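Enquirer: Before we start, here is the structure in question, set down as structure tokens.
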Amino acid sequence: MNNATKRDPRVVIIGAGMSGILATIKLREAGIKDVTVLEKADSVGGTWRENRYPGLACDIPAHMYTYEFEPNPEWEHRFAKGPEIRRYFEKVADKYEVVKDVRFNEAVEQCIYRDRQWHLTTSKGESLVADIVISATGILHHPAYPNIEGLDSFGGEQFHTSRWPESLDLKGKRVGIIGTGSTSAQIIPELVKEADQVVVFQRTPQWIYPAPDREYNEKLRNKVRRNPELARRAYRWYTKAIEFFFSRAVIGQKIPHGLMSWMCKRHLKNSVKDPELRRKLTPDYTVGCKRVIASTKFYDAIQQPNCQLVTEGIERVSEAGVVTADGKEHGLDILILATGFKPFNFMRPMELVGRDGLHIDQAWEKKVQAYRSLLIPGFPNFFLMLGPNTPIGNFSVIAMSEVQNRYLLKLINRWRAGEMQEIEATPKATQEFNAYLKQGMAKTVWVGGCNSWYLDPDGDPAMWPYTWGQWVEEMTTPNLSDFTEGAA
Ligand code: NAP
């Protein structure tokens with residue numbers, strides 16, 4: 001069946017971040033014309049638009065952190081800074097005229113399945129009907145605020161890292177930061193440059209991998225502009241390097257994990273000479289259990305004379321600052337909450353209701369899970385980009401989105417050809433898929449004795465426990481016997 005004889009589905013994409021931009025481009029390339037993107041904010045870019053904290057960068061090498069079809073000769077650093085990445089997504093969205101299909105400042109409030117169609121209501125009170133919905137709402141964007149007594153009583157300025165104020169003067173200020181995850185490790189080296197005092201409240205130390213950055217100067221960028229094959233080659237090189245090192249280390253393969261552990265431990269030993277400080281910064285869990293932080297700046301920053309590492313537990317927040325368990329009050333002007341995100345919220349607070357009134361909260365009451373991370377039984381023709389157990393702890397999210405896009409397009413093409421009316425995985429296939437995931441988890445580093453955002457409330461990592469290659473292979477062709485209309 002050629003494109004001309006295919007049904008043209010009405011598709012709504014929720015979110016104009018990295019996954020939403022990609023889905024729009026790929027659906028159009030496949031000949032699907034009726035595409036509407038609903039974006040809650042006023043511009044594209046998702047997480048790279050929302051996060052604006054100083055030091056914001058990506059820990060995946062820039063030449064790999066691109067869509068495979070759109071290399072970028074303009075990268076200015078090996079590990080691109082936030083504004084560079086935002087510019088990249090804006091440029092791609094412009095080039096492919098994604099924006100013409102985006103309705104900005106319009107959040108989806110309700111998405112209800114009725115009569116084999118999705119009925120959406122938006123924050124502007126508008127109604128839309130779609131055959132297919134692609135939820136491209138990202139993972140790490142619901143701030144996790146800590147449950148600390150007196151937080152609201154703080155008299156100074158206080159905010160979560162993802163809500164960085166437009167203008168913030170750090171000069172002469174006493175700045176406290178709660179949390180020492182990837183975000184905090186990027187911010188602290190910038191804070192110590194400007195603030196009078198920086199107090200870092202660490203609950204759990206983190207392993208830090210020394211990944212040196214490098215500036216790509218104009219001469220080098222010109223070379224890549226003239227020969228884009230160089231960017232493609234870098235993409236392939238970094239892809240292989242991450243595939244064979246990092247993504248195998250985290251699933252517990254001995255040699256890459258041994259090497260990663262050795263590098264983190266050596267980095268700490270070489271960087272921090274004071275034994276007491278080194279003790280405080282040494283984790284007691286397996287390297288990689290929490291997401292390894294990539295930084296060559298953190299240890300240097302924490303040893304600056306204006307920086308203090310506090311490992312006493314936080315008892316409460318007072319009007320003047322933070323009070324720790326030893327009774328000490330740390331006076332502060334600014335309190336930064338680098339306390340991470342709620343990764344299991346996904347498309348919510350949108351009200352998502354599937355077949356026969358099945359609410360997403362009911363479907364996920366016992367466990368947040370999906371078939372192949374993308375499909376939830378009871379929610380036909382609804383695709384969840386980067387859903388639970390996507391290999392986000394193993395690889396680059398852009399590559400993942402591309403693989404998921406190819407997979408969902410194969411299913412949508414069956415809908416277009418009239419071979420499937422409802423694209424829906426069976427509950428049995430979903431259970432089997434999740435049992436298969438669980439089976440692989442025991443060997444991974446994520447169950448290596450730590451608490452992290454990778455773990456769901458049952459303590460199961462919502463990650464992919466096998467190799468990247470295996471994930472790509474299994475996502476190449478949908479297994480139709482796992483679908484309710486598999487035999488159609
Ligand atoms: P995170 O890794 O979840 O770290 C949160 C930090 O806050 C932890 O140190 C945690 O301590 C601490 N914390 C939370 N509640 C607390 C409380 N009540 N009292 C004291 N401390 C508390 O969050 P994140 O740093 O924002 O990073 C989240 C993820 O975003 C990363 O793992 C990464 O995947 C992604 N990210 C990526 C990049 C990049 O370069 N690509 C950059 C930034 C972030 P505990 O460890 O004790 O829980």
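Every chain in the structure tokens has a letter given in the order shown (A, B, ...), and although residue numbers restart at 1 in each chain, ligands are simply numbered from 1 in the order shown.
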List every residue of segment 239-282 of chain A that has an atom at most 10 Å from any atom of segment 189-205 of chain A, and for each one report the closest atom pair and its distance in Å to one decimal, counting only C-alpha atoms, with rows sorted by chain and then by increasing residue number, as CSV.
Expert:
residue,atom,partner,partner_atom,distance
A:Arg279,CA,A:Pro205,CA,9.6
A:Lys280,CA,A:Pro205,CA,7.2
A:Leu281,CA,A:Pro205,CA,5.2
A:Thr282,CA,A:Pro205,CA,6.0
Enquirer: Quick one: pick out all strand (DSSP E or B) residues within segment 32-274 of chain A from a backbone DSSP run and write them as a ChimeraX atom specification.
Expert: /A:35-38,57,77,81,102-103,108-114,117-122,127-130,132-135,143,157-160,171,174-178,195,197-201,208-209,215
Enquirer: Please measure the separation of atom CA of Phe383 of chain A and atom CA of Lys40 of chain A, giving the value in Å to one decimal.
Expert: 18.6 Å
Enquirer: Within 7 Å of ligand 1 (counting only C-alpha atoms and all ligand atoms), which residues show up? I'd like them as a ChimeraX atom specification.
Expert: /A:56-60,140,146-148,178-184,201-205,291,314,338-341,451-453
Enquirer: Skip Phe346 of chain A itself and residues of its chain fewer than 5 positions away, then list as a VMD selection string all residues within 8 Å of it, counting only C-alpha atoms.
Expert: chain A and resid 137 to 139 387
Enquirer: Please, could you write that set of residues out with all heavy atoms as a compact mmCIF listing (two decimals), in the first residue's frame?
Expert:
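Dumped to result_22.txt:
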# COMPACT_ATOMS: atom_id res chain seq x y z
N THR A 137 6.65 14.17 26.97
CA THR A 137 6.70 15.15 28.05
C THR A 137 7.98 15.09 28.89
O THR A 137 8.10 15.83 29.86
CB THR A 137 5.47 14.97 28.99
OG1 THR A 137 5.43 13.60 29.38
CG2 THR A 137 4.19 15.34 28.29
N GLY A 138 8.89 14.20 28.52
CA GLY A 138 10.18 14.17 29.23
C GLY A 138 10.09 13.43 30.56
O GLY A 138 9.02 12.97 30.97
N ILE A 139 11.24 13.36 31.23
CA ILE A 139 11.28 12.56 32.47
C ILE A 139 11.58 13.44 33.69
O ILE A 139 10.86 13.41 34.67
CB ILE A 139 12.39 11.48 32.40
CG1 ILE A 139 12.35 10.76 31.05
CG2 ILE A 139 12.24 10.47 33.53
CD1 ILE A 139 13.65 10.09 30.71
N GLY A 387 9.44 6.28 28.28
CA GLY A 387 8.68 5.76 29.41
C GLY A 387 9.55 4.90 30.32
O GLY A 387 10.77 4.80 30.14
Enquirer: Would you kindly return, as a VMD selection string, each protein, DNA or RNA residue with an atom no farther than 7 Å from any atom of segment 88-96 of chain A, considering only C-alpha atoms and excluding same-chain residues fewer than 5 positions away?
Expert: chain A and resid 18 21 25 44 to 45
Enquirer: May I have the residues within 12 Å of Leu455 of chain A as number ranges by chain, using only C-alpha atoms and disregarding those fewer than 3 positions away in the same chain?
Expert: A: 289-291, 342-344, 367-368, 388-389, 393, 441, 445-452, 458-464
Enquirer: I need the residues in segment 418-472 of chain A that are helix (DSSP H, G or I) according to DSSP; give them as a list in words.
Expert: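 For segment 418-472 of chain A, the helix (DSSP H, G or I) set is Pro427, Lys428, Ala429, Thr430, Gln431, Glu432, Phe433, Asn434, Ala435, Tyr436, Leu437, Lys438, Gln439, Gly440, Met441, Val445, Trp446, Val447, Trp468, Gly469, Gln470, Trp471 and Val472 of chain A.
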Enquirer: Any idea what's packed within 6 Å of His77 of chain A, counting only C-alpha atoms, ignoring anything in its chain fewer than 4 positions away? Could you give it as a list in words?
Expert: Arg214, Glu215 and Tyr216 of chain A
Enquirer: Could you give me, as a list in words, the residues within 9 Å of Gln158 of chain A, counting only C-alpha atoms and dropping anything in the same chain fewer than 6 positions from it?
Expert: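 So, after excluding close chain neighbours, the residues are Leu151, Asp152, Asp333, Ile334, Leu335, Ile336 and Leu337 of chain A.
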Enquirer: Closest to Phe379 of chain A among A:Glu68, A:Asp131, A:Glu229, A:Asp169, using only C-alpha atoms?
Expert: A:Asp131
Enquirer: Taking only C-alpha atoms into account, name the residue in A:Lys273, A:Lys26, A:Arg414, A:His330 that is nearest to Ser401 of chain A.
Expert: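 Ranking A:Lys273, A:Lys26, A:Arg414, A:His330 by distance to Ser401 of chain A, first place goes to A:Lys26.
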Enquirer: I'd like to know which of A:Val310, A:Leu22, A:Ala144, A:Ile14 is closest to Met400 of chain A, using only C-alpha atoms.
Expert: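 Among the listed residues, the smallest separation from Met400 of chain A belongs to A:Leu22.
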Enquirer: From the options A:Arg406, A:Ile177, A:Thr484, A:Val37, which residue's atoms come nearest to Val98 of chain A, counting only C-alpha atoms?
Expert: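 With only C-alpha atoms as the atom set, the closest residue is A:Val37.
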Enquirer: Which one of A:Ala320, A:Ile392, A:Leu220, A:Leu38 sits closest to Val133 of chain A if you count only C-alpha atoms?
Expert: A:Leu38
Enquirer: Using Å and a single decimal, report how far atom CA of Thr476 of chain A sits from atom CA of Pro377 of chain A.
Expert: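 These atoms are spaced 20.6 Å apart.
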